[in-house]
Amino acid sequence: MSAWPPVYDPDYYPAQDEPYWNRAVETMDPQEREEKVILPKLRAQLEYCYAHSPFYQRKWDAAGVHPGDVKSLADFEGFPLVTKDEIRADQAAHPPFGSNVCVDPIRLGRVLGTSGTTGRPTAFGVSRDDMTRIANAHARVMWGMGIRREDIVFIGSFFSLYWGSWGALVGTERLGATAFPFGAGVPGQTERAIEWMQMVKPTVFYGTPSYSLYLAERARELGVDPLRDFNFRIMFFSGEPGAGVPSTKRRIEQTFGAICLDSGSTGEMSPWMSNGECAERRGMHFWQDLVYSELVDLKTNRRVPYGGEGVTVYTHLERDSQPMIRFLAGDISRWEIGTCACGRTYPTLPRGIYGRADDMFVVRGENVYPSAIEDELRAIPGFGDEYRIVITRERTMDELIVQAEPLPGLEAGEAARIQKTLADKLKAKGLRTVVQMLAPGSLARTEFKAKRIVDQRDLYDELAQG
């Protein structure tokens, strides 16, 4: 292995017609890549963490493991998982970045973080060198999506603490394409975005799936046809699982006439595009030599075999600031190996991330993933793009309510028909569901991540106890 962490040539670009940014690594035999690329990087990363991170020194000593123990990737599966709650607790005890920052503060180049809407915010202190490596990683994945230097990349998401926008920006800049960092969230900005899209004609869109569909809805209201008047050929997304939901992917592609690509892991794990779909659109790849990604069985913390279902666990291989080692993201998926027509030999998630541990809910003993409801709803012509899932409790029984909107102008009889169709399809999946049809425009729209689930069972419990 060359020096760790790797140093990338800032002037390197593949040939225009080359489908791979790094052909040798991307098409390497998976076992050879694990032995010759991933394992050496992993061992160097572990040694670095043990030497520079009090957080990992304490954690690994308590678990009785040491970087020197790792002679194979199977050995690494004995290392303990790291959770978001641990990171938050460590940052509370060692503010602001915790005892895992690993570099002198003078080397930090950027502060990002989580919003803290579900707990204490998590602060990310990212070194300048890490930002360079993240930019290279994102450029490489974006090249695999088919994005090239002549493209104009419209970035339609919040420029704030949110990692997504900044990752798309630095990746675009490193790839050599033209960045159009328009942002989102300011009143009236969607209307301005529609105007600017018609004027500048960007060829690539980045944002959340929810925002792209809201953008199209608003455009139509203004007399603009997203298919005719925009110029997108590639749209890639993160922040929500929608781009990996088959019916949502089809709806986006039919709306804009562009290919829809899924990407994304978590802010803690940037480069987050190391979960990224290629232009073949057969599910996200785990770009294993950038971030070592596992699907594990939570009972054993061991990798599940290919073809199996597990939860996502990620390990940095190139980070000198705040490296995450076996970070439990908890997204649920199934993986395969060597199945993509692109020729890359990375593990592939053919169904994308179809469940998130934080989003899954249990109704009458059944595990329910919002993406399964979304897939059924958006596959039925006549529904609008917005929906909500409301869980309530009638006496002691949970009730699942799906609130949806028909397309404007849909006749009452047709609205009733699609309402029944959705209820029947969900019933066939074992979900006893009430489908409520609301007037078009009733549900709140978003320029960021849509809040799809409203769980009111706690309110019932409070009233019952009162």
# chains A, B, ... in the order shown; residues from 1 in each chain; ligands from 1
call {"tool": "residues_around", "arguments": {"residues": "Leu175 of chain A", "least_positions_apart": "3", "cutoff": "8 Å", "atoms": "only C-alpha atoms", "output": "list in words"}}
result
Tyr13, Asn136, Ala139, Arg140, Met142, Trp143, Arg148, Arg149, Gly171 and Thr172 of chain A
call {"tool": "residues_around", "arguments": {"residues": "Gly146 of chain A", "least_positions_apart": "6", "cutoff": "12 Å", "atoms": "only C-alpha atoms", "output": "ChimeraX atom specification"}}
result
/A:16-21,139-140,175,177,203-204,233-236,258-261,276-281,342
call {"tool": "atom_distance", "arguments": {"atom1": "atom CA of Pro6 of chain A", "atom2": "atom CA of Phe124 of chain A"}}
result
21.1 Å
call {"tool": "atom_distance", "arguments": {"atom1": "atom CA of Arg319 of chain A", "atom2": "atom CA of Gly338 of chain A"}}
result
27.2 Å
call {"tool": "atom_distance", "arguments": {"atom1": "atom CA of Leu295 of chain A", "atom2": "atom CA of Ser333 of chain A"}}
result
7.6 Å
call {"tool": "closest_atom_pairs", "arguments": {"of": "segment 324-393 of chain A", "to": "segment 288-292 of chain A", "cutoff": "10 Å", "atoms": "only C-alpha atoms", "output": "tab-separated table"}}
result
residue	atom	partner	partner_atom	distance
A:Met324	CA	A:Val291	CA	9.8
A:Ile325	CA	A:Tyr292	CA	9.3
A:Arg326	CA	A:Tyr292	CA	8.8
A:Thr345	CA	A:Gln288	CA	9.8
A:Tyr346	CA	A:Gln288	CA	6.7
A:Pro347	CA	A:Gln288	CA	8.0
call {"tool": "closest_residue", "arguments": {"among": "A:Ser293, A:Ser371, A:Ser157, A:Thr312", "to": "Pro241 of chain A", "atoms": "only C-alpha atoms"}}
result
A:Ser371
call {"tool": "closest_atom_pairs", "arguments": {"of": "segment 315-383 of chain A", "to": "segment 406-419 of chain A", "cutoff": "9 Å", "atoms": "only C-alpha atoms", "output": "Markdown table"}}
result
| residue | atom | partner | partner_atom | distance |
| --- | --- | --- | --- | --- |
| A:Ile380 | CA | A:Ile418 | CA | 7.1 |
| A:Pro381 | CA | A:Ile418 | CA | 7.9 |
| A:Gly382 | CA | A:Leu407 | CA | 5.6 |
| A:Phe383 | CA | A:Pro406 | CA | 4.4 |
call {"tool": "write_last_selection", "arguments": {"atoms": "C-alpha atoms", "output": "JSON list (two decimals), in the first residue's frame"}}
result
[["chain", "number", "residue", "atom", "x", "y", "z"],
["A", 380, "ILE", "CA", -51.04, 3.92, -8.88],
["A", 381, "PRO", "CA", -51.83, 6.57, -11.51],
["A", 382, "GLY", "CA", -53.99, 9.37, -10.18],
["A", 383, "PHE", "CA", -52.29, 10.02, -6.85]]
call {"tool": "select_by_dssp", "arguments": {"residues": "segment 63-168 of chain A", "states": "strand (DSSP E or B)", "output": "ChimeraX atom specification"}}
result
/A:82,108-113,123-127,152-155
call {"tool": "select_by_dssp", "arguments": {"residues": "segment 236-296 of chain A", "states": "alpha helix (DSSP H)", "output": "JSON, numbers by chain"}}
result
{"A": [246, 247, 248, 249, 250, 251, 252, 253, 254, 255, 256]}
call {"tool": "decode", "arguments": {"residues": "segment 75-108 of chain A", "atoms": "N, CA and C atoms", "output": "short mmCIF file (atom, residue, chain, number, x, y, z; two decimals), in the first residue's frame"}}
result
data_model
loop_
_atom_site.label_atom_id
_atom_site.label_comp_id
_atom_site.auth_asym_id
_atom_site.auth_seq_id
_atom_site.Cartn_x
_atom_site.Cartn_y
_atom_site.Cartn_z
N ASP A 75 -11.43 -10.87 11.21
CA ASP A 75 -10.97 -10.46 12.54
C ASP A 75 -11.60 -9.14 12.95
N PHE A 76 -11.78 -8.24 11.98
CA PHE A 76 -12.31 -6.91 12.26
C PHE A 76 -13.74 -6.98 12.78
N GLU A 77 -14.46 -8.03 12.45
CA GLU A 77 -15.84 -8.16 12.90
C GLU A 77 -15.96 -8.34 14.40
N GLY A 78 -14.85 -8.57 15.06
CA GLY A 78 -14.87 -8.65 16.52
C GLY A 78 -14.79 -7.31 17.21
N PHE A 79 -14.58 -6.23 16.44
CA PHE A 79 -14.52 -4.89 17.03
C PHE A 79 -15.94 -4.41 17.34
N PRO A 80 -16.09 -3.65 18.44
CA PRO A 80 -17.44 -3.22 18.84
C PRO A 80 -18.00 -2.16 17.90
N LEU A 81 -19.31 -2.09 17.87
CA LEU A 81 -19.99 -1.07 17.09
C LEU A 81 -19.98 0.27 17.82
N VAL A 82 -20.08 1.34 17.05
CA VAL A 82 -20.19 2.70 17.59
C VAL A 82 -21.58 3.22 17.23
N THR A 83 -22.26 3.82 18.19
CA THR A 83 -23.61 4.33 17.96
C THR A 83 -23.64 5.86 17.99
N LYS A 84 -24.72 6.41 17.46
CA LYS A 84 -24.90 7.86 17.49
C LYS A 84 -24.98 8.37 18.92
N ASP A 85 -25.63 7.61 19.79
CA ASP A 85 -25.75 8.05 21.18
C ASP A 85 -24.37 8.13 21.86
N GLU A 86 -23.48 7.19 21.53
CA GLU A 86 -22.13 7.26 22.08
C GLU A 86 -21.41 8.53 21.63
N ILE A 87 -21.54 8.84 20.35
CA ILE A 87 -20.87 10.03 19.82
C ILE A 87 -21.42 11.28 20.50
N ARG A 88 -22.73 11.36 20.67
CA ARG A 88 -23.33 12.52 21.33
C ARG A 88 -22.86 12.64 22.78
N ALA A 89 -22.84 11.51 23.49
CA ALA A 89 -22.41 11.53 24.89
C ALA A 89 -20.95 11.95 25.00
N ASP A 90 -20.11 11.46 24.08
CA ASP A 90 -18.70 11.82 24.11
C ASP A 90 -18.50 13.30 23.82
N GLN A 91 -19.30 13.86 22.91
CA GLN A 91 -19.17 15.28 22.62
C GLN A 91 -19.69 16.14 23.76
N ALA A 92 -20.70 15.63 24.47
CA ALA A 92 -21.18 16.36 25.65
C ALA A 92 -20.10 16.39 26.73
N ALA A 93 -19.35 15.30 26.86
CA ALA A 93 -18.29 15.23 27.88
C ALA A 93 -17.01 15.93 27.44
N HIS A 94 -16.80 16.04 26.15
CA HIS A 94 -15.57 16.65 25.61
C HIS A 94 -15.94 17.60 24.47
N PRO A 95 -16.59 18.72 24.80
CA PRO A 95 -17.07 19.62 23.75
C PRO A 95 -15.91 20.32 23.03
N PRO A 96 -16.13 20.77 21.79
CA PRO A 96 -17.37 20.57 21.03
C PRO A 96 -17.36 19.32 20.15
N PHE A 97 -16.16 18.79 19.82
CA PHE A 97 -16.08 17.72 18.83
C PHE A 97 -15.86 16.35 19.43
N GLY A 98 -15.73 16.25 20.75
CA GLY A 98 -15.50 14.96 21.37
C GLY A 98 -14.02 14.59 21.44
N SER A 99 -13.77 13.40 21.97
CA SER A 99 -12.39 12.95 22.14
C SER A 99 -11.92 12.13 20.95
N ASN A 100 -12.60 12.30 19.82
CA ASN A 100 -12.26 11.54 18.62
C ASN A 100 -11.86 12.45 17.47
N VAL A 101 -11.51 13.70 17.76
CA VAL A 101 -11.23 14.62 16.66
C VAL A 101 -9.90 14.28 15.98
N CYS A 102 -8.89 13.79 16.73
CA CYS A 102 -7.65 13.19 16.20
C CYS A 102 -6.64 14.18 15.61
N VAL A 103 -7.02 15.40 15.28
CA VAL A 103 -6.08 16.35 14.69
C VAL A 103 -6.08 17.63 15.50
N ASP A 104 -4.98 18.38 15.39
CA ASP A 104 -4.90 19.69 16.02
C ASP A 104 -6.00 20.58 15.45
N PRO A 105 -6.70 21.35 16.30
CA PRO A 105 -7.78 22.21 15.79
C PRO A 105 -7.37 23.14 14.66
N ILE A 106 -6.09 23.49 14.59
CA ILE A 106 -5.64 24.40 13.52
C ILE A 106 -5.76 23.74 12.14
N ARG A 107 -5.86 22.41 12.12
CA ARG A 107 -5.97 21.70 10.84
C ARG A 107 -7.42 21.54 10.39
N LEU A 108 -8.38 21.93 11.22
CA LEU A 108 -9.78 21.82 10.81
C LEU A 108 -10.10 22.87 9.76
#
